[in-house]
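Shown next: target-v9.pdb, containing PDB, C-alpha atoms and all ligand atoms.
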ATOM      1  CA  MET E  19     -68.693  50.615 -32.957
ATOM      2  CA  VAL E  20     -68.913  48.607 -29.751
ATOM      3  CA  ILE E  21     -66.655  47.623 -26.870
ATOM      4  CA  GLU E  22     -67.953  44.900 -24.570
ATOM      5  CA  VAL E  23     -66.134  44.066 -21.365
ATOM      6  CA  VAL E  24     -67.492  40.750 -20.117
ATOM      7  CA  LYS E  25     -66.859  39.372 -16.622
ATOM      8  CA  VAL E  26     -63.185  40.267 -16.572
ATOM      9  CA  SER E  27     -61.133  39.337 -13.516
ATOM     10  CA  LYS E  28     -57.434  39.870 -12.950
ATOM     11  CA  SER E  29     -55.129  39.394  -9.974
ATOM     12  CA  PHE E  30     -51.546  40.425  -9.440
ATOM     13  CA  GLY E  31     -50.291  38.000  -6.814
ATOM     14  CA  ARG E  32     -52.651  38.459  -3.881
ATOM     15  CA  ILE E  33     -54.084  41.731  -5.191
ATOM     16  CA  LYS E  34     -57.391  41.311  -6.954
ATOM     17  CA  ALA E  35     -57.163  44.210  -9.389
ATOM     18  CA  LEU E  36     -60.390  43.381 -11.243
ATOM     19  CA  ASP E  37     -63.310  41.369  -9.958
ATOM     20  CA  ASN E  38     -65.902  40.323 -12.531
ATOM     21  CA  VAL E  39     -65.926  43.620 -14.408
ATOM     22  CA  SER E  40     -68.576  44.029 -17.124
ATOM     23  CA  PHE E  41     -69.796  47.040 -19.086
ATOM     24  CA  THR E  42     -70.443  48.072 -22.666
ATOM     25  CA  VAL E  43     -69.617  51.116 -24.753
ATOM     26  CA  ASN E  44     -72.037  51.456 -27.654
ATOM     27  CA  ASN E  45     -71.604  53.141 -30.989
ATOM     28  CA  SER E  46     -71.815  56.932 -30.966
ATOM     29  CA  GLU E  47     -71.216  56.828 -27.245
ATOM     30  CA  VAL E  48     -68.510  58.456 -25.155
ATOM     31  CA  VAL E  49     -68.121  56.739 -21.792
ATOM     32  CA  GLY E  50     -66.068  58.004 -18.868
ATOM     33  CA  TYR E  51     -64.336  55.391 -16.700
ATOM     34  CA  VAL E  52     -63.993  56.955 -13.287
ATOM     35  CA  GLY E  53     -62.249  55.638 -10.186
ATOM     36  CA  LEU E  54     -59.681  56.576  -7.560
ATOM     37  CA  ASN E  55     -55.984  55.757  -7.861
ATOM     38  CA  GLY E  56     -55.514  52.021  -7.964
ATOM     39  CA  ALA E  57     -59.199  51.324  -8.704
ATOM     40  CA  GLY E  58     -58.378  49.193 -11.747
ATOM     41  CA  LYS E  59     -58.859  51.527 -14.715
ATOM     42  CA  THR E  60     -55.495  50.984 -16.370
ATOM     43  CA  THR E  61     -55.683  47.233 -15.804
ATOM     44  CA  THR E  62     -59.090  47.125 -17.523
ATOM     45  CA  ILE E  63     -57.822  49.224 -20.408
ATOM     46  CA  ARG E  64     -54.669  47.156 -20.911
ATOM     47  CA  ILE E  65     -56.794  44.033 -21.035
ATOM     48  CA  ALA E  66     -59.293  45.653 -23.424
ATOM     49  CA  VAL E  67     -56.602  46.584 -25.934
ATOM     50  CA  GLY E  68     -54.936  43.178 -25.718
ATOM     51  CA  VAL E  69     -51.625  44.041 -24.067
ATOM     52  CA  LEU E  70     -52.458  42.214 -20.813
ATOM     53  CA  PRO E  71     -54.276  38.881 -20.637
ATOM     54  CA  PRO E  72     -57.200  38.586 -18.202
ATOM     55  CA  ASP E  73     -57.361  35.687 -15.712
ATOM     56  CA  SER E  74     -60.938  35.123 -16.803
ATOM     57  CA  GLY E  75     -63.577  36.876 -18.858
ATOM     58  CA  ASP E  76     -63.063  38.556 -22.185
ATOM     59  CA  VAL E  77     -63.389  41.809 -24.076
ATOM     60  CA  PHE E  78     -65.048  41.995 -27.472
ATOM     61  CA  ILE E  79     -64.250  44.766 -29.922
ATOM     62  CA  ASP E  80     -66.951  44.827 -32.598
ATOM     63  CA  GLY E  81     -67.500  41.184 -31.663
ATOM     64  CA  TYR E  82     -63.837  40.110 -31.922
ATOM     65  CA  SER E  83     -62.408  38.573 -28.774
ATOM     66  CA  VAL E  84     -59.189  40.187 -27.561
ATOM     67  CA  THR E  85     -58.049  36.890 -26.098
ATOM     68  CA  ARG E  86     -58.843  34.620 -29.057
ATOM     69  CA  ASP E  87     -58.654  37.070 -31.967
ATOM     70  CA  LYS E  88     -56.193  39.583 -30.615
ATOM     71  CA  LYS E  89     -54.770  40.717 -33.940
ATOM     72  CA  ARG E  90     -58.121  41.540 -35.462
ATOM     73  CA  ALA E  91     -59.488  43.097 -32.288
ATOM     74  CA  SER E  92     -56.511  45.370 -31.692
ATOM     75  CA  LYS E  93     -56.593  46.659 -35.278
ATOM     76  CA  ILE E  94     -60.033  48.135 -34.750
ATOM     77  CA  VAL E  95     -59.329  49.970 -31.525
ATOM     78  CA  GLY E  96     -57.146  53.052 -31.259
ATOM     79  CA  TRP E  97     -55.688  53.681 -27.825
ATOM     80  CA  VAL E  98     -53.544  56.027 -25.822
ATOM     81  CA  PRO E  99     -51.697  54.650 -22.778
ATOM     82  CA  GLU E 100     -51.512  56.416 -19.412
ATOM     83  CA  SER E 101     -47.960  57.695 -19.962
ATOM     84  CA  PRO E 102     -46.969  57.390 -23.585
ATOM     85  CA  ILE E 103     -43.211  56.926 -23.842
ATOM     86  CA  PHE E 104     -41.394  57.872 -26.991
ATOM     87  CA  GLU E 105     -37.656  57.549 -26.605
ATOM     88  CA  SER E 106     -37.328  58.080 -30.293
ATOM     89  CA  GLU E 107     -34.662  60.170 -31.946
ATOM     90  CA  PHE E 108     -37.059  60.290 -34.876
ATOM     91  CA  LYS E 109     -38.734  63.532 -35.736
ATOM     92  CA  ALA E 110     -42.433  63.360 -34.936
ATOM     93  CA  LEU E 111     -43.690  63.434 -38.509
ATOM     94  CA  ASP E 112     -41.151  60.820 -39.631
ATOM     95  CA  TYR E 113     -42.173  58.551 -36.763
ATOM     96  CA  PHE E 114     -45.821  58.994 -37.686
ATOM     97  CA  ILE E 115     -45.038  57.974 -41.281
ATOM     98  CA  TYR E 116     -43.066  54.967 -40.038
ATOM     99  CA  LEU E 117     -45.981  53.778 -37.841
ATOM    100  CA  ALA E 118     -48.489  54.353 -40.640
ATOM    101  CA  GLY E 119     -46.473  51.876 -42.686
ATOM    102  CA  TYR E 120     -47.718  49.137 -40.329
ATOM    103  CA  TYR E 121     -51.224  49.876 -41.494
ATOM    104  CA  GLY E 122     -50.258  49.588 -45.133
ATOM    105  CA  ILE E 123     -50.485  53.321 -45.739
ATOM    106  CA  SER E 124     -48.125  54.572 -48.445
ATOM    107  CA  ALA E 125     -45.414  57.076 -47.502
ATOM    108  CA  ASN E 126     -47.035  59.877 -49.470
ATOM    109  CA  GLU E 127     -50.452  59.326 -48.006
ATOM    110  CA  ALA E 128     -48.925  58.932 -44.523
ATOM    111  CA  ARG E 129     -47.116  62.261 -44.858
ATOM    112  CA  ARG E 130     -50.323  64.025 -45.900
ATOM    113  CA  LEU E 131     -52.284  62.399 -43.040
ATOM    114  CA  GLY E 132     -49.470  63.050 -40.556
ATOM    115  CA  ILE E 133     -49.348  66.751 -41.361
ATOM    116  CA  GLU E 134     -53.128  66.972 -41.135
ATOM    117  CA  LEU E 135     -53.407  65.145 -37.803
ATOM    118  CA  LEU E 136     -50.373  66.714 -36.129
ATOM    119  CA  GLU E 137     -51.619  70.158 -37.098
ATOM    120  CA  LYS E 138     -55.054  69.259 -35.803
ATOM    121  CA  PHE E 139     -53.495  68.221 -32.489
ATOM    122  CA  GLY E 140     -51.587  71.469 -32.093
ATOM    123  CA  LEU E 141     -48.227  70.039 -33.080
ATOM    124  CA  GLY E 142     -47.956  71.848 -36.398
ATOM    125  CA  GLU E 143     -44.809  73.659 -35.393
ATOM    126  CA  ALA E 144     -43.377  70.728 -33.476
ATOM    127  CA  MET E 145     -43.781  68.038 -36.124
ATOM    128  CA  TYR E 146     -40.196  68.412 -37.272
ATOM    129  CA  ARG E 147     -38.804  68.184 -33.747
ATOM    130  CA  LYS E 148     -37.476  65.023 -32.155
ATOM    131  CA  LEU E 149     -39.969  63.049 -30.060
ATOM    132  CA  SER E 150     -37.411  62.645 -27.281
ATOM    133  CA  GLU E 151     -37.585  66.410 -26.849
ATOM    134  CA  TYR E 152     -41.362  66.472 -26.504
ATOM    135  CA  SER E 153     -43.007  67.557 -23.239
ATOM    136  CA  GLN E 154     -45.517  65.311 -21.455
ATOM    137  CA  GLY E 155     -48.498  67.088 -22.970
ATOM    138  CA  MET E 156     -46.945  67.021 -26.435
ATOM    139  CA  LYS E 157     -46.408  63.274 -26.096
ATOM    140  CA  LYS E 158     -50.071  62.879 -25.164
ATOM    141  CA  ARG E 159     -51.110  64.894 -28.194
ATOM    142  CA  PHE E 160     -48.807  62.871 -30.415
ATOM    143  CA  ALA E 161     -50.151  59.602 -28.985
ATOM    144  CA  LEU E 162     -53.694  60.813 -29.736
ATOM    145  CA  ALA E 163     -52.712  61.538 -33.319
ATOM    146  CA  ILE E 164     -51.213  58.082 -33.836
ATOM    147  CA  SER E 165     -54.227  56.367 -32.264
ATOM    148  CA  MET E 166     -56.186  57.807 -35.195
ATOM    149  CA  ILE E 167     -53.868  56.692 -38.015
ATOM    150  CA  ASN E 168     -56.198  54.035 -39.385
ATOM    151  CA  ASP E 169     -59.411  55.789 -38.337
ATOM    152  CA  PRO E 170     -60.586  52.883 -36.135
ATOM    153  CA  PRO E 171     -64.238  52.565 -35.095
ATOM    154  CA  ASN E 172     -63.327  52.332 -31.375
ATOM    155  CA  PHE E 173     -61.094  54.309 -29.038
ATOM    156  CA  ILE E 174     -59.772  53.761 -25.528
ATOM    157  CA  PHE E 175     -57.898  56.553 -23.768
ATOM    158  CA  ASP E 176     -56.192  56.168 -20.400
ATOM    159  CA  GLU E 177     -56.012  59.455 -18.436
ATOM    160  CA  VAL E 178     -55.904  61.358 -21.665
ATOM    161  CA  LEU E 179     -56.906  64.656 -20.039
ATOM    162  CA  ASN E 180     -54.152  64.401 -17.468
ATOM    163  CA  GLY E 181     -51.246  66.508 -18.666
ATOM    164  CA  LEU E 182     -53.262  68.417 -21.234
ATOM    165  CA  ASP E 183     -53.539  72.183 -20.868
ATOM    166  CA  PRO E 184     -56.983  73.873 -20.958
ATOM    167  CA  ARG E 185     -56.745  74.221 -24.711
ATOM    168  CA  GLY E 186     -55.890  70.552 -25.016
ATOM    169  CA  ILE E 187     -58.889  69.652 -22.850
ATOM    170  CA  ALA E 188     -61.176  71.856 -24.939
ATOM    171  CA  PHE E 189     -59.781  70.195 -28.020
ATOM    172  CA  PHE E 190     -60.473  66.723 -26.623
ATOM    173  CA  ARG E 191     -64.043  67.805 -25.890
ATOM    174  CA  GLU E 192     -64.501  68.784 -29.546
ATOM    175  CA  LEU E 193     -62.916  65.534 -30.608
ATOM    176  CA  ALA E 194     -65.468  63.626 -28.532
ATOM    177  CA  VAL E 195     -68.269  65.416 -30.366
ATOM    178  CA  GLU E 196     -66.721  64.426 -33.673
ATOM    179  CA  PHE E 197     -66.310  60.799 -32.566
ATOM    180  CA  ARG E 198     -69.926  60.642 -31.478
ATOM    181  CA  LYS E 199     -71.109  62.010 -34.812
ATOM    182  CA  ARG E 200     -69.019  59.469 -36.663
ATOM    183  CA  GLY E 201     -70.447  56.525 -34.722
ATOM    184  CA  LYS E 202     -67.313  55.638 -32.728
ATOM    185  CA  ALA E 203     -67.362  53.909 -29.358
ATOM    186  CA  VAL E 204     -65.110  55.834 -26.973
ATOM    187  CA  LEU E 205     -63.957  54.885 -23.481
ATOM    188  CA  PHE E 206     -61.751  57.259 -21.495
ATOM    189  CA  SER E 207     -60.570  57.041 -17.913
ATOM    190  CA  SER E 208     -60.229  59.826 -15.378
ATOM    191  CA  HIS E 209     -60.118  60.366 -11.609
ATOM    192  CA  ILE E 210     -62.123  63.509 -11.776
ATOM    193  CA  LEU E 211     -65.845  63.410 -12.433
ATOM    194  CA  SER E 212     -66.143  67.151 -13.079
ATOM    195  CA  GLU E 213     -63.534  66.808 -15.813
ATOM    196  CA  VAL E 214     -65.555  64.042 -17.435
ATOM    197  CA  GLU E 215     -68.822  65.939 -17.098
ATOM    198  CA  GLY E 216     -68.761  68.017 -20.255
ATOM    199  CA  ILE E 217     -67.446  65.152 -22.381
ATOM    200  CA  ALA E 218     -69.065  61.823 -21.468
ATOM    201  CA  ASP E 219     -72.598  60.628 -22.177
ATOM    202  CA  ARG E 220     -72.342  57.961 -19.540
ATOM    203  CA  VAL E 221     -70.020  57.152 -16.648
ATOM    204  CA  VAL E 222     -68.899  53.742 -15.432
ATOM    205  CA  PHE E 223     -67.620  53.946 -11.840
ATOM    206  CA  ILE E 224     -65.020  51.476 -10.618
ATOM    207  CA  HIS E 225     -63.824  51.040  -7.053
ATOM    208  CA  ARG E 226     -61.350  48.447  -5.814
ATOM    209  CA  GLY E 227     -61.725  46.367  -8.934
ATOM    210  CA  ARG E 228     -65.512  46.339  -8.947
ATOM    211  CA  ILE E 229     -68.038  48.286 -10.984
ATOM    212  CA  ILE E 230     -70.034  50.265  -8.423
ATOM    213  CA  GLY E 231     -72.395  52.083 -10.751
ATOM    214  CA  VAL E 232     -73.191  53.090 -14.303
ATOM    215  CA  TYR E 233     -75.066  56.349 -14.798
ATOM    216  CA  ASN E 234     -76.047  58.642 -17.626
ATOM    217  CA  MET E 235     -74.435  62.028 -17.284
ATOM    218  CA  ASP E 236     -77.885  63.659 -17.147
ATOM    219  CA  GLU E 237     -78.812  61.427 -14.258
ATOM    220  CA  ILE E 238     -75.617  62.368 -12.403
ATOM    221  CA  ARG E 239     -76.194  66.069 -12.976
ATOM    222  CA  TYR E 240     -79.748  65.670 -11.758
ATOM    223  CA  LYS E 241     -78.711  63.865  -8.617
ATOM    224  CA  ALA E 242     -75.945  66.357  -7.920
ATOM    225  CA  ARG E 243     -78.293  69.335  -7.971
ATOM    226  CA  PRO E 244     -78.736  71.179  -4.704
ATOM    227  CA  ALA E 245     -81.879  70.298  -2.768
ATOM    228  CA  LEU E 246     -83.799  71.083   0.406
ATOM    229  CA  GLU E 247     -85.164  68.204   2.414
ATOM    230  CA  ILE E 248     -88.149  69.369   4.450
ATOM    231  CA  LEU E 249     -90.131  67.599   7.174
ATOM    232  CA  LEU E 250     -93.640  69.066   7.458
ATOM    233  CA  SER E 251     -96.563  68.813   9.831
ATOM    234  CA  ARG E 252     -98.686  67.731   6.886
ATOM    235  CA  LEU E 253     -98.216  67.096   3.201
ATOM    236  CA  ASP E 254    -101.043  67.739   0.764
ATOM    237  CA  ASN E 255    -101.717  69.449  -2.557
ATOM    238  CA  HIS E 256    -101.837  72.834  -0.931
ATOM    239  CA  VAL E 257     -98.305  72.346   0.393
ATOM    240  CA  LEU E 258     -97.044  71.086  -2.968
ATOM    241  CA  LYS E 259     -98.518  74.149  -4.701
ATOM    242  CA  ILE E 260     -96.534  76.391  -2.397
ATOM    243  CA  LEU E 261     -93.337  74.426  -2.917
ATOM    244  CA  GLU E 262     -93.744  74.436  -6.709
ATOM    245  CA  LYS E 263     -93.288  78.192  -6.640
ATOM    246  CA  TYR E 264     -89.704  77.680  -5.487
ATOM    247  CA  GLY E 265     -88.455  74.518  -7.194
ATOM    248  CA  GLU E 266     -89.291  70.935  -8.032
ATOM    249  CA  PRO E 267     -90.811  69.115  -5.055
ATOM    250  CA  SER E 268     -90.831  65.340  -4.813
ATOM    251  CA  ILE E 269     -92.379  63.392  -1.953
ATOM    252  CA  ILE E 270     -90.030  60.973  -0.225
ATOM    253  CA  GLY E 271     -92.029  60.126   2.901
ATOM    254  CA  GLU E 272     -95.365  60.667   4.582
ATOM    255  CA  GLN E 273     -94.415  64.179   5.665
ATOM    256  CA  ARG E 274     -91.078  64.471   3.965
ATOM    257  CA  VAL E 275     -90.413  66.236   0.714
ATOM    258  CA  ILE E 276     -87.339  67.104  -1.338
ATOM    259  CA  LEU E 277     -87.271  70.428  -3.116
ATOM    260  CA  ARG E 278     -84.788  70.215  -5.983
ATOM    261  CA  ASP E 279     -83.199  73.267  -7.504
ATOM    262  CA  PRO E 280     -84.550  75.732  -4.949
ATOM    263  CA  ARG E 281     -84.555  79.160  -6.563
ATOM    264  CA  VAL E 282     -84.629  81.080  -3.301
ATOM    265  CA  ASP E 283     -83.058  80.900   0.119
ATOM    266  CA  SER E 284     -84.550  78.232   2.418
ATOM    267  CA  SER E 285     -85.815  80.978   4.792
ATOM    268  CA  VAL E 286     -88.182  82.244   2.077
ATOM    269  CA  VAL E 287     -89.688  78.793   1.600
ATOM    270  CA  ILE E 288     -89.994  78.211   5.346
ATOM    271  CA  SER E 289     -91.722  81.515   6.062
ATOM    272  CA  ASP E 290     -94.172  81.029   3.189
ATOM    273  CA  LEU E 291     -95.087  77.589   4.544
ATOM    274  CA  VAL E 292     -95.395  78.807   8.124
ATOM    275  CA  ASN E 293     -97.478  81.810   7.062
ATOM    276  CA  SER E 294     -99.829  79.383   5.338
ATOM    277  CA  GLY E 295    -100.306  77.516   8.584
ATOM    278  CA  ILE E 296     -98.063  74.547   7.779
ATOM    279  CA  GLY E 297     -95.620  73.426  10.421
ATOM    280  CA  VAL E 298     -91.990  73.047   9.321
ATOM    281  CA  LEU E 299     -90.381  70.482  11.593
ATOM    282  CA  GLU E 300     -86.991  70.154   9.956
ATOM    283  CA  VAL E 301     -85.032  71.523   7.004
ATOM    284  CA  LYS E 302     -81.801  70.080   5.634
ATOM    285  CA  ARG E 303     -79.875  71.619   2.804
ATOM    286  CA  GLU E 304     -78.066  69.223   0.524
ATOM    287  CA  GLU E 305     -75.412  70.771  -1.674
ATOM    288  CA  LYS E 306     -74.153  67.822  -3.585
ATOM    289  CA  SER E 307     -71.321  68.418  -5.957
ATOM    290  CA  LEU E 308     -70.332  65.962  -8.658
ATOM    291  CA  GLU E 309     -67.430  64.738  -6.556
ATOM    292  CA  GLU E 310     -69.738  64.228  -3.600
ATOM    293  CA  PHE E 311     -71.922  62.108  -5.806
ATOM    294  CA  PHE E 312     -68.850  60.024  -6.654
ATOM    295  CA  PHE E 313     -67.894  59.741  -2.975
ATOM    296  CA  SER E 314     -71.404  58.763  -1.955
ATOM    297  CA  LEU E 315     -71.238  55.905  -4.478
ATOM    298  CA  ILE E 316     -67.946  54.767  -3.000
ATOM    299  CA  LYS E 317     -69.311  54.987   0.525
ATOM    300  CA  LYS E 318     -72.354  52.982  -0.388
ATOM    301  CA  ALA E 319     -70.271  50.321  -2.168
ATOM    302  CA  GLU E 320     -67.997  50.016   0.865
ATOM    303  CA  SER E 321     -70.862  49.673   3.341
ATOM    304  CA  ASP E 322     -72.630  47.152   1.080
ATOM    305  CA  HIS E 323     -69.472  45.138   1.011
ATOM    306  CA  LEU E 324     -68.762  44.926   4.731
TER     307      LEU E 324
HETATM  308  N1  LIG E 401     -48.113  45.040 -13.043
HETATM  309  C1  LIG E 401     -48.662  45.054 -11.831
HETATM  310  N2  LIG E 401     -48.160  44.322 -10.822
HETATM  311  C2  LIG E 401     -48.722  44.310  -9.593
HETATM  312  N3  LIG E 401     -49.805  45.018  -9.260
HETATM  313  C3  LIG E 401     -50.362  45.769 -10.222
HETATM  314  C4  LIG E 401     -49.835  45.833 -11.549
HETATM  315  N4  LIG E 401     -50.609  46.658 -12.276
HETATM  316  C5  LIG E 401     -51.572  47.091 -11.433
HETATM  317  N5  LIG E 401     -51.443  46.551 -10.218
HETATM  318  C6  LIG E 401     -52.346  46.773  -9.062
HETATM  319  O1  LIG E 401     -53.669  46.640  -9.522
HETATM  320  C7  LIG E 401     -54.517  47.623  -8.925
HETATM  321  C8  LIG E 401     -55.177  48.438 -10.002
HETATM  322  O2  LIG E 401     -54.208  49.245 -10.654
HETATM  323  P1  LIG E 401     -54.533  50.145 -11.920
HETATM  324  O3  LIG E 401     -53.244  50.632 -12.455
HETATM  325  O4  LIG E 401     -55.412  49.394 -12.842
HETATM  326  O5  LIG E 401     -55.356  51.339 -11.260
HETATM  327  P2  LIG E 401     -55.864  52.711 -11.891
HETATM  328  O6  LIG E 401     -57.310  52.787 -11.635
HETATM  329  O7  LIG E 401     -55.406  52.823 -13.288
HETATM  330  O8  LIG E 401     -55.129  53.786 -10.983
HETATM  331  P3  LIG E 401     -54.561  55.259 -11.353
HETATM  332  O9  LIG E 401     -55.726  56.167 -11.251
HETATM  333  O10 LIG E 401     -53.584  55.525 -10.266
HETATM  334  O11 LIG E 401     -53.946  55.208 -12.693
HETATM  335  C9  LIG E 401     -53.627  48.409  -7.977
HETATM  336  O12 LIG E 401     -53.755  47.852  -6.694
HETATM  337  C10 LIG E 401     -52.234  48.169  -8.527
HETATM  338  O13 LIG E 401     -51.283  48.253  -7.505
HETATM  339 MG    MG E 402     -54.243  54.147 -14.258
END
With the file now loaded, output its structure as C-alpha cells.
Amino acid sequence: MVIEVVKVSKSFGRIKALDNVSFTVNNSEVVGYVGLNGAGKTTTIRIAVGVLPPDSGDVFIDGYSVTRDKKRASKIVGWVPESPIFESEFKALDYFIYLAGYYGISANEARRLGIELLEKFGLGEAMYRKLSEYSQGMKKRFALAISMINDPPNFIFDEVLNGLDPRGIAFFRELAVEFRKRGKAVLFSSHILSEVEGIADRVVFIHRGRIIGVYNMDEIRYKARPALEILLSRLDNHVLKILEKYGEPSIIGEQRVILRDPRVDSSVVISDLVNSGIGVLEVKREEKSLEEFFFSLIKKAESDHL
C-alpha cells in the first residue's frame, strides 16, 4: 500500500551511511532505488524492513512505524535481501511449508501455495532439491517466492535483478506489472538505471547517503533523448517552423534552441537553416544515455555539495 521513509539517518562509526533520507512509495507504484556501490541502498532497505535500527528518523509501512511497531510493520512487507543465504538441508518445498507455518498457514494450504509459487518462479523441477545445493539465482528466486507467502501489500527487494538470468529478469518485469495491478507498493534497488528502466514507474537516486533526485521514468527517458543544441544568428517563428520539420525545438536562450529527437543528421538541419538565410553559429550534439543522466545527477550533487 504505502512505504514512507522519513528523515532517516544512520552512521557506522565515522561513516555517515544515510543522511536525512526521505521518500515515499505509493500504492500501485514500482520504485527503483538507484545508486553506486556503497551509496546506502542496503542500509535504507535493512532499516525499512526493521532488521537495522536507524539513528534517527523512521519508516512507516501502511502507517505502522518500524521502530515502534516493528512486529506489525514487518508482517506487511515482503522482502528479499541482497544475498539470500539458505544453509538449509531442507528441501525447498519443505522449507517453504515450514516458513509458511509462521504465518499461520496450514500444512496442506502451504504445500499447495508452495508448489504454485515455486513453479511460478521457475523452480518447479528444483522444489524437491536441497536449498544448500541451490545456485545463486535459484536462491534469489526462492527468496522471491517466500517474500510472497502471506501476499503482503508492500515489497522491498535488494538487488533482486542481480544474479537473475534474462528469463528471470523478464519474469520480474511481469511480476512488477502484476504488483502494480494489485495495488502493491514496491521498492527495488539496483546500480543500473537501464535495468530499472522497463520496470520502474519512478526512480529515487541516492548518492553517498543522500537522496539526489526523484524522477518519473518518463521524465528520465525524455531527458535522456538525444538532442541538438544550436546557436543561431536570430530566433523567430520562421526558424522554429524550419526546426519543427526535424524534431521538437525548445528555446533555451535568446538565440539558443534545443532540438530534441532530431530525425535527421545535424548537417541536414544546418544546411536548411543556412539556405533560408539564418546564420548557424554553433551546433552541439548531446547523446545522453540513461547512465549519463545518472552520472550527471551525481556530478551535480557533488558540485552542489562542495
Ligand atoms: N555493518 C556495517 N558496518 C560498517 N559500515 C557499513 C555497514 N553496512 C554498511 N556500511 C557502510 O555504509 C555505506 C552504505 O553501504 P550500503 O551497503 O548501504 O550501500 P549499497 O548502496 O547497498 O551498496 P551496494 O551497491 O554495493 O550494495 C558504505 O560506506 C558501507 O561501507
Ligand atoms: Mg547493497
Would you mind listing the residues within 6 Å of ligand LIG 401 (chain E), counting all atoms listed in the file, as a PyMOL selection string? chain E and resi 30+35+53-61
So what does the PyMOL selection byres (((chain E and resi 246) around 9) and not hetatm) actually pick up in this one, as a tab-separated table (two decimals) with C-alpha atoms, keeping the file's coordinate frame?
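See result-v4.tsv below for the written result:
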chain	number	residue	atom	x	y	z
E	244	PRO	CA	-78.74	71.18	-4.70
E	245	ALA	CA	-81.88	70.30	-2.77
E	247	GLU	CA	-85.16	68.20	2.41
E	248	ILE	CA	-88.15	69.37	4.45
E	275	VAL	CA	-90.41	66.24	0.71
E	276	ILE	CA	-87.34	67.10	-1.34
E	277	LEU	CA	-87.27	70.43	-3.12
E	278	ARG	CA	-84.79	70.22	-5.98
E	279	ASP	CA	-83.20	73.27	-7.50
E	280	PRO	CA	-84.55	75.73	-4.95
E	284	SER	CA	-84.55	78.23	2.42
E	301	VAL	CA	-85.03	71.52	7.00
E	302	LYS	CA	-81.80	70.08	5.63
E	303	ARG	CA	-79.88	71.62	2.80
E	304	GLU	CA	-78.07	69.22	0.52
E	305	GLU	CA	-75.41	70.77	-1.67
Which residue is closest to E:Phe197? Choose from E:Asp176, E:Asp169, E:Ala118, E:Lys158 and count only C-alpha atoms. E:Asp169
Two-atom distance - atom CA of E:Val98, atom CA of E:Leu149 (Å): 15.9 Å
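Considering the residues E:Phe104, E:Phe190, E:Tyr82, E:Tyr51 and counting only C-alpha atoms and all ligand atoms, ligand MG 402 (chain E) has its shortest atom-to-atom contact with E:Tyr51.
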Would you write out, as a list in words, every residue that the PyMOL selection byres (((chain E and resi 103) around 12) and not hetatm) captures in this file?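 What the PyMOL selection byres (((chain E and resi 103) around 12) and not hetatm) grabs from the file is Val98, Pro99, Glu100, Ser101, Pro102, Phe104, Glu105, Ser106, Leu149, Ser150, Glu151, Tyr152, Ser153, Gln154, Gly155, Met156, Lys157, Lys158, Phe160 and Ala161 of chain E.
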Using the chain letters and numbers from this file, what does the PyMOL selection byres (((chain E and resi 299) around 10) and not hetatm) select? Give the answer as a VMD selection string. chain E and resid 248 to 252 273 to 274 288 296 to 298 300 to 301
Tell me which of E:Arg198, E:Lys148, E:Lys109, E:Arg239 sits closest to E:Leu211, counting all atoms listed in the file.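 Looking at the shortest contact to E:Leu211, the residue is E:Arg239.
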From (-56.6, 53.7, -30.8), in the file's coordinates, out to 6 Å: which residues are reached, counting all atoms listed in the file? Answer as a VMD selection string. chain E and resid 95 to 97 165 173
Using all atoms listed in the file, which of E:Asp254, E:Glu320, E:Asp290, E:Glu177 sits nearest ligand MG 402 (chain E)?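 Result for the nearest residue to ligand MG 402 (chain E): E:Glu177.
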Which of these, E:Leu193, E:Ala91, E:Met19, E:Pro72, has the shortest distance to E:Lys34 once you count only C-alpha atoms?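 When distances to E:Lys34 are compared using only C-alpha atoms, the smallest one comes from E:Pro72.
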Would you kindly return, as a ChimeraX atom specification, each protein, DNA or RNA residue with an atom no farther than 9 Å from any atom of stretch 310-317 of chain E, considering all atoms listed in the file and excluding same-chain residues fewer than 3 positions away? /E:52-53,211,223-225,230-231,238,241-242,305-307,320-322
Using only C-alpha atoms, which residue out of E:Leu182, E:Val26, E:Leu117, E:Leu111 lies closest to E:Glu134?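 Of the candidates, the smallest distance to E:Glu134 is held by E:Leu111.
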Put stretch 127-142 of chain E into a file with C-alpha atoms, as a CSV table (one decimal), in the first residue's frame.
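The result, stored in result_38.csv:
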chain,number,residue,atom,x,y,z
E,127,GLU,CA,-2.5,-25.0,2.2
E,128,ALA,CA,1.2,-24.2,2.5
E,129,ARG,CA,2.0,-27.2,0.2
E,130,ARG,CA,-0.5,-26.1,-2.4
E,131,LEU,CA,0.8,-22.4,-2.3
E,132,GLY,CA,4.4,-23.6,-2.2
E,133,ILE,CA,4.0,-25.7,-5.4
E,134,GLU,CA,2.2,-22.8,-7.1
E,135,LEU,CA,4.8,-20.2,-6.2
E,136,LEU,CA,7.9,-22.3,-6.8
E,137,GLU,CA,6.5,-23.3,-10.2
E,138,LYS,CA,5.8,-19.7,-10.9
E,139,PHE,CA,9.3,-18.8,-10.1
E,140,GLY,CA,10.8,-21.4,-12.3
E,141,LEU,CA,11.7,-23.8,-9.5
E,142,GLY,CA,9.2,-26.5,-10.4
